[in-house]
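What follows is the content of upload_4.cif (mmCIF, C-alpha atoms).
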data_protein
#
loop_
_atom_site.group_PDB
_atom_site.id
_atom_site.type_symbol
_atom_site.label_atom_id
_atom_site.label_comp_id
_atom_site.auth_asym_id
_atom_site.auth_seq_id
_atom_site.Cartn_x
_atom_site.Cartn_y
_atom_site.Cartn_z
ATOM 1 C CA MET A 1 0.000 0.000 0.000
ATOM 2 C CA LEU A 2 1.255 3.452 -0.903
ATOM 3 C CA ILE A 3 0.899 5.996 1.901
ATOM 4 C CA ASN A 4 1.285 9.714 1.305
ATOM 5 C CA LYS A 5 1.255 12.136 4.202
ATOM 6 C CA LYS A 6 1.410 15.808 4.984
ATOM 7 C CA GLY A 7 3.547 17.138 7.817
ATOM 8 C CA MET A 8 1.812 17.948 11.098
ATOM 9 C CA LEU A 9 2.599 21.093 13.065
ATOM 10 C CA LEU A 10 2.225 20.477 16.810
ATOM 11 C CA VAL A 11 1.932 23.584 18.984
ATOM 12 C CA LEU A 12 2.694 22.901 22.637
ATOM 13 C CA SER A 13 2.098 25.567 25.307
ATOM 14 C CA GLY A 14 1.736 25.848 29.045
ATOM 15 C CA PRO A 15 2.983 27.955 31.938
ATOM 16 C CA SER A 16 6.613 27.829 32.973
ATOM 17 C CA GLY A 17 7.007 24.854 35.313
ATOM 18 C CA ALA A 18 4.093 22.848 33.852
ATOM 19 C CA GLY A 19 6.527 20.226 32.554
ATOM 20 C CA LYS A 20 6.437 20.858 28.803
ATOM 21 C CA GLY A 21 10.164 20.209 28.463
ATOM 22 C CA THR A 22 9.938 16.743 29.987
ATOM 23 C CA LEU A 23 6.992 15.809 27.777
ATOM 24 C CA TYR A 24 8.387 17.095 24.501
ATOM 25 C CA SER A 25 11.811 15.525 25.156
ATOM 26 C CA ARG A 26 10.157 12.160 25.629
ATOM 27 C CA LEU A 27 8.016 12.604 22.526
ATOM 28 C CA LEU A 28 11.114 13.380 20.465
ATOM 29 C CA GLN A 29 12.814 10.233 21.776
ATOM 30 C CA GLU A 30 9.874 7.951 20.930
ATOM 31 C CA ASP A 31 8.608 9.528 17.704
ATOM 32 C CA GLY A 32 11.228 9.408 14.955
ATOM 33 C CA ASP A 33 9.005 11.475 12.662
ATOM 34 C CA MET A 34 8.827 14.411 15.102
ATOM 35 C CA HIS A 35 11.251 17.322 14.734
ATOM 36 C CA PHE A 36 11.718 20.029 17.336
ATOM 37 C CA SER A 37 11.813 23.627 16.170
ATOM 38 C CA VAL A 38 14.584 25.459 18.015
ATOM 39 C CA SER A 39 13.465 28.978 18.907
ATOM 40 C CA TYR A 40 15.497 32.160 19.064
ATOM 41 C CA THR A 41 15.637 34.071 22.352
ATOM 42 C CA THR A 42 17.325 37.144 23.775
ATOM 43 C CA ARG A 43 17.498 35.707 27.299
ATOM 44 C CA ALA A 44 20.698 34.247 28.732
ATOM 45 C CA PRO A 45 21.158 30.465 28.750
ATOM 46 C CA ARG A 46 20.241 28.585 31.941
ATOM 47 C CA PRO A 47 22.769 26.123 33.362
ATOM 48 C CA GLY A 48 23.031 23.110 31.074
ATOM 49 C CA GLU A 49 21.317 24.739 28.080
ATOM 50 C CA VAL A 50 23.148 24.438 24.760
ATOM 51 C CA ASP A 51 23.074 27.066 22.016
ATOM 52 C CA GLY A 52 21.493 25.610 18.874
ATOM 53 C CA LYS A 53 19.916 22.712 20.749
ATOM 54 C CA ASP A 54 17.711 24.284 23.428
ATOM 55 C CA TYR A 55 17.558 27.774 21.887
ATOM 56 C CA TYR A 56 19.525 30.040 19.625
ATOM 57 C CA PHE A 57 20.724 32.670 22.095
ATOM 58 C CA VAL A 58 21.044 36.010 20.287
ATOM 59 C CA THR A 59 21.272 39.716 21.050
ATOM 60 C CA GLU A 60 18.184 41.893 20.856
ATOM 61 C CA GLU A 61 19.734 43.625 17.839
ATOM 62 C CA ALA A 62 20.133 40.324 15.963
ATOM 63 C CA PHE A 63 16.593 39.321 16.902
ATOM 64 C CA ARG A 64 15.167 42.585 15.555
ATOM 65 C CA GLU A 65 17.097 42.145 12.303
ATOM 66 C CA MET A 66 15.428 38.758 11.757
ATOM 67 C CA LEU A 67 12.077 40.283 12.646
ATOM 68 C CA ASP A 68 12.534 43.031 10.039
ATOM 69 C CA LYS A 69 13.217 40.342 7.403
ATOM 70 C CA ASP A 70 10.003 38.444 8.302
ATOM 71 C CA GLY A 71 12.156 35.584 9.508
ATOM 72 C CA PHE A 72 9.787 34.406 12.254
ATOM 73 C CA LEU A 73 6.665 32.294 12.056
ATOM 74 C CA GLU A 74 5.691 33.861 15.387
ATOM 75 C CA HIS A 75 7.369 36.019 18.005
ATOM 76 C CA ALA A 76 6.557 37.389 21.435
ATOM 77 C CA GLU A 77 8.004 39.150 24.433
ATOM 78 C CA VAL A 78 7.772 36.876 27.486
ATOM 79 C CA HIS A 79 9.113 37.507 30.998
ATOM 80 C CA GLY A 80 11.030 40.519 29.691
ATOM 81 C CA HIS A 81 12.768 38.670 26.828
ATOM 82 C CA PHE A 82 12.041 38.097 23.138
ATOM 83 C CA TYR A 83 11.319 34.657 21.691
ATOM 84 C CA GLY A 84 10.661 33.642 18.086
ATOM 85 C CA THR A 85 10.167 30.576 15.877
ATOM 86 C CA PRO A 86 12.253 30.710 12.686
ATOM 87 C CA ARG A 87 9.981 30.380 9.663
ATOM 88 C CA GLU A 88 12.142 28.658 7.021
ATOM 89 C CA PRO A 89 13.160 25.410 8.800
ATOM 90 C CA VAL A 90 9.581 24.747 9.963
ATOM 91 C CA ILE A 91 8.110 25.167 6.480
ATOM 92 C CA LYS A 92 10.823 22.964 4.940
ATOM 93 C CA GLN A 93 10.146 20.101 7.364
ATOM 94 C CA LEU A 94 6.377 20.276 6.838
ATOM 95 C CA GLU A 95 6.776 20.304 3.058
ATOM 96 C CA ALA A 96 8.970 17.189 3.367
ATOM 97 C CA GLY A 97 6.080 15.416 5.139
ATOM 98 C CA ASN A 98 7.665 15.534 8.591
ATOM 99 C CA SER A 99 6.022 16.545 11.866
ATOM 100 C CA VAL A 100 7.306 19.634 13.657
ATOM 101 C CA MET A 101 6.797 20.539 17.310
ATOM 102 C CA LEU A 102 6.795 24.092 18.634
ATOM 103 C CA ASP A 103 7.214 24.731 22.365
ATOM 104 C CA ILE A 104 5.910 28.297 22.562
ATOM 105 C CA ASP A 105 3.985 30.607 24.881
ATOM 106 C CA PRO A 106 0.298 31.403 24.270
ATOM 107 C CA GLN A 107 1.092 34.765 22.607
ATOM 108 C CA GLY A 108 3.059 33.008 19.900
ATOM 109 C CA ALA A 109 0.735 30.006 19.787
ATOM 110 C CA LEU A 110 -2.262 32.185 18.983
ATOM 111 C CA GLN A 111 -0.296 33.755 16.108
ATOM 112 C CA VAL A 112 0.503 30.315 14.693
ATOM 113 C CA MET A 113 -3.104 29.117 15.114
ATOM 114 C CA ALA A 114 -4.290 32.137 13.127
ATOM 115 C CA SER A 115 -1.741 31.816 10.306
ATOM 116 C CA MET A 116 -1.638 27.981 10.152
ATOM 117 C CA PRO A 117 -5.131 26.761 11.131
ATOM 118 C CA ASP A 118 -4.246 23.140 10.309
ATOM 119 C CA CYS A 119 -1.875 23.016 13.307
ATOM 120 C CA VAL A 120 -2.596 20.812 16.337
ATOM 121 C CA SER A 121 -2.619 22.819 19.580
ATOM 122 C CA VAL A 122 -2.097 21.313 23.041
ATOM 123 C CA PHE A 123 -1.993 23.190 26.350
ATOM 124 C CA ILE A 124 -0.142 21.563 29.267
ATOM 125 C CA LEU A 125 -1.692 22.342 32.665
ATOM 126 C CA PRO A 126 -0.223 21.919 36.163
ATOM 127 C CA PRO A 127 -2.471 20.123 38.685
ATOM 128 C CA SER A 128 -2.525 23.280 40.860
ATOM 129 C CA PHE A 129 -0.862 26.667 41.214
ATOM 130 C CA ALA A 130 0.631 25.490 44.515
ATOM 131 C CA GLU A 131 2.350 22.625 42.671
ATOM 132 C CA LEU A 132 3.493 25.049 39.983
ATOM 133 C CA ARG A 133 5.149 27.209 42.662
ATOM 134 C CA ARG A 134 6.845 24.147 44.141
ATOM 135 C CA ARG A 135 8.248 23.155 40.750
ATOM 136 C CA LEU A 136 9.494 26.650 39.927
ATOM 137 C CA GLU A 137 11.154 27.091 43.313
ATOM 138 C CA GLY A 138 12.577 23.577 43.095
ATOM 139 C CA ARG A 139 14.540 24.480 39.962
ATOM 140 C CA GLY A 140 16.832 26.676 42.028
ATOM 141 C CA THR A 141 17.834 28.582 38.883
ATOM 142 C CA GLU A 142 15.807 31.769 39.329
ATOM 143 C CA LYS A 143 15.490 34.579 41.825
ATOM 144 C CA GLN A 144 12.345 34.734 43.946
ATOM 145 C CA GLU A 145 11.046 37.793 42.083
ATOM 146 C CA ASP A 146 11.372 35.870 38.809
ATOM 147 C CA VAL A 147 9.407 32.977 40.311
ATOM 148 C CA GLU A 148 6.663 35.389 41.420
ATOM 149 C CA ARG A 149 6.522 36.983 37.960
ATOM 150 C CA ARG A 150 6.219 33.583 36.284
ATOM 151 C CA LEU A 151 3.411 32.625 38.674
ATOM 152 C CA ARG A 152 1.540 35.857 37.897
ATOM 153 C CA ASN A 153 1.984 35.260 34.170
ATOM 154 C CA ALA A 154 0.860 31.642 34.581
ATOM 155 C CA ARG A 155 -2.629 32.722 35.641
ATOM 156 C CA GLY A 156 -3.047 34.759 32.477
ATOM 157 C CA GLU A 157 -1.698 31.914 30.337
ATOM 158 C CA VAL A 158 -4.003 29.314 31.911
ATOM 159 C CA ALA A 159 -6.940 31.638 31.222
ATOM 160 C CA LEU A 160 -6.246 31.100 27.486
ATOM 161 C CA LYS A 161 -6.460 27.304 27.658
ATOM 162 C CA ASP A 162 -9.861 27.204 25.927
ATOM 163 C CA LYS A 163 -8.239 28.564 22.753
ATOM 164 C CA TYR A 164 -6.451 25.215 22.334
ATOM 165 C CA GLN A 165 -7.821 22.026 20.771
ATOM 166 C CA TYR A 166 -6.507 19.747 23.527
ATOM 167 C CA LEU A 167 -5.741 20.044 27.246
ATOM 168 C CA VAL A 168 -3.341 17.754 29.122
ATOM 169 C CA VAL A 169 -2.978 17.955 32.909
ATOM 170 C CA ASN A 170 0.579 17.059 33.895
ATOM 171 C CA ASP A 171 -0.067 15.603 37.337
ATOM 172 C CA LYS A 172 1.862 12.361 36.740
ATOM 173 C CA VAL A 173 4.408 12.479 33.937
ATOM 174 C CA ASP A 174 3.761 8.970 32.574
ATOM 175 C CA GLU A 175 0.005 9.554 32.364
ATOM 176 C CA ALA A 176 0.404 13.024 30.864
ATOM 177 C CA PHE A 177 2.809 11.668 28.248
ATOM 178 C CA SER A 178 0.427 8.845 27.372
ATOM 179 C CA ARG A 179 -2.347 11.395 26.765
ATOM 180 C CA LEU A 180 -0.068 13.596 24.637
ATOM 181 C CA LYS A 181 1.128 10.644 22.569
ATOM 182 C CA THR A 182 -2.466 9.525 21.958
ATOM 183 C CA ILE A 183 -3.328 12.992 20.628
ATOM 184 C CA VAL A 184 -0.321 13.023 18.294
ATOM 185 C CA GLU A 185 -0.944 9.529 16.933
ATOM 186 C CA ALA A 186 -4.618 10.246 16.276
ATOM 187 C CA GLU A 187 -3.911 13.568 14.570
ATOM 188 C CA LYS A 188 -1.351 11.975 12.253
ATOM 189 C CA LEU A 189 -4.178 9.766 10.951
ATOM 190 C CA ARG A 190 -6.547 12.661 10.251
ATOM 191 C CA SER A 191 -7.791 12.417 6.659
ATOM 192 C CA THR A 192 -6.526 15.923 5.878
ATOM 193 C CA ARG A 193 -2.892 14.843 6.360
ATOM 194 C CA TYR A 194 -2.888 11.018 5.909
ATOM 195 C CA PHE A 195 -3.517 9.655 2.400
ATOM 196 C CA PRO A 196 -3.261 5.866 2.014
ATOM 197 C CA VAL A 197 -3.834 4.532 -1.511
ATOM 198 C CA VAL A 198 -5.674 1.194 -1.521
ATOM 199 C CA ASP A 199 -4.101 -1.389 -3.847
ATOM 200 C CA GLU A 200 -6.162 -2.964 -6.602
ATOM 201 C CA GLU A 201 -4.822 -6.419 -5.716
#
Can the structure in the file be given as structure tokens, please?
Amino acid sequence: MLINKKGMLLVLSGPSGAGKGTLYSRLLQEDGDMHFSVSYTTRAPRPGEVDGKDYYFVTEEAFREMLDKDGFLEHAEVHGHFYGTPREPVIKQLEAGNSVMLDIDPQGALQVMASMPDCVSVFILPPSFAELRRRLEGRGTEKQEDVERRLRNARGEVALKDKYQYLVVNDKVDEAFSRLKTIVEAEKLRSTRYFPVVDEE
């Protein structure tokens, strides 16, 4: 049987500390068809982050130059820093029939949903704001005022959850991942992007 397919764009959002990173890392390990889009950011790298793998860390001047050239699929200012998804590599992967995952904040996600309505949008929720605080403080990588700002922003981000097609509560990682994987596998079989040709014999 001949099977043709169109690339799927997966948009993953959720407040800082909801556990998106853990879920998307696992999805990338288990799904050989899924490619991660590395975003550009003007913030400094956190301990252990690698330029070109986690983010492209650039100056604000370099970021604005790309913006002027329409180099981003979406961009936003989050927690006092700029973030953006480079347009060209995403489009190339989709045209090649591959799936692409974006880990972006709701500002950027809403831009992508508007410009690419065929995308699959998933919002990752924490089980509670108290648990979100515990996770953020447990990182030990940010000052207390940064933690408080992220918690304030989280309430506004969670308020946008109904704009997404799917919601996944990350209370237990294994269960949350199972739900995310189910969504991805089902969406890959949607008739608008999966085209099997039935043999005559």
Hey, can I get the axis-aligned box for region 138-149 of chain A? All listed atoms, 3 Å padding on each side, centre and edge lengths in Å to one decimal, as AutoDock Vina command-line options.
--center_x 12.2 --center_y 30.7 --center_z 41.0 --size_x 17.3 --size_y 20.2 --size_z 12.0
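A straight line drawn from CA of Pro117 (chain A) to CA of Ser99 (chain A) is 15.1 Å long.
For the atom pair formed by CA of Val90 (chain A) and CA of Val197 (chain A), the distance is 26.8 Å, given to one decimal.
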Matched chain/residue IDs from the PyMOL selection byres ((chain A and resi 88) around 12), as a PyMOL selection string:
chain A and resi 37-39+66+69-74+85-87+89-95
Next, write the just-selected residues to a file, as a PDB file, in the coordinates of the input, keeping C-alpha atoms as the atom set.
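As written to disk, selection-v4.pdb reads:
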ATOM      1  CA  SER A  37      11.813  23.627  16.170  1.00  0.00           C
ATOM      2  CA  VAL A  38      14.584  25.459  18.015  1.00  0.00           C
ATOM      3  CA  SER A  39      13.465  28.978  18.907  1.00  0.00           C
ATOM      4  CA  MET A  66      15.428  38.758  11.757  1.00  0.00           C
ATOM      5  CA  LYS A  69      13.217  40.342   7.403  1.00  0.00           C
ATOM      6  CA  ASP A  70      10.003  38.444   8.302  1.00  0.00           C
ATOM      7  CA  GLY A  71      12.156  35.584   9.508  1.00  0.00           C
ATOM      8  CA  PHE A  72       9.787  34.406  12.254  1.00  0.00           C
ATOM      9  CA  LEU A  73       6.665  32.294  12.056  1.00  0.00           C
ATOM     10  CA  GLU A  74       5.691  33.861  15.387  1.00  0.00           C
ATOM     11  CA  THR A  85      10.167  30.576  15.877  1.00  0.00           C
ATOM     12  CA  PRO A  86      12.253  30.710  12.686  1.00  0.00           C
ATOM     13  CA  ARG A  87       9.981  30.380   9.663  1.00  0.00           C
ATOM     14  CA  PRO A  89      13.160  25.410   8.800  1.00  0.00           C
ATOM     15  CA  VAL A  90       9.581  24.747   9.963  1.00  0.00           C
ATOM     16  CA  ILE A  91       8.110  25.167   6.480  1.00  0.00           C
ATOM     17  CA  LYS A  92      10.823  22.964   4.940  1.00  0.00           C
ATOM     18  CA  GLN A  93      10.146  20.101   7.364  1.00  0.00           C
ATOM     19  CA  LEU A  94       6.377  20.276   6.838  1.00  0.00           C
ATOM     20  CA  GLU A  95       6.776  20.304   3.058  1.00  0.00           C
TER      21      GLU A  95
END
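Of the listed residues A:Ile3, A:Val158, A:Val78, A:Val100, the one whose atoms come nearest to Met34 (chain A) is A:Val100, with distances taken using all atoms listed in the file.
Going from CA of Arg149 (chain A) over to CA of His81 (chain A), you cover 12.9 Å.
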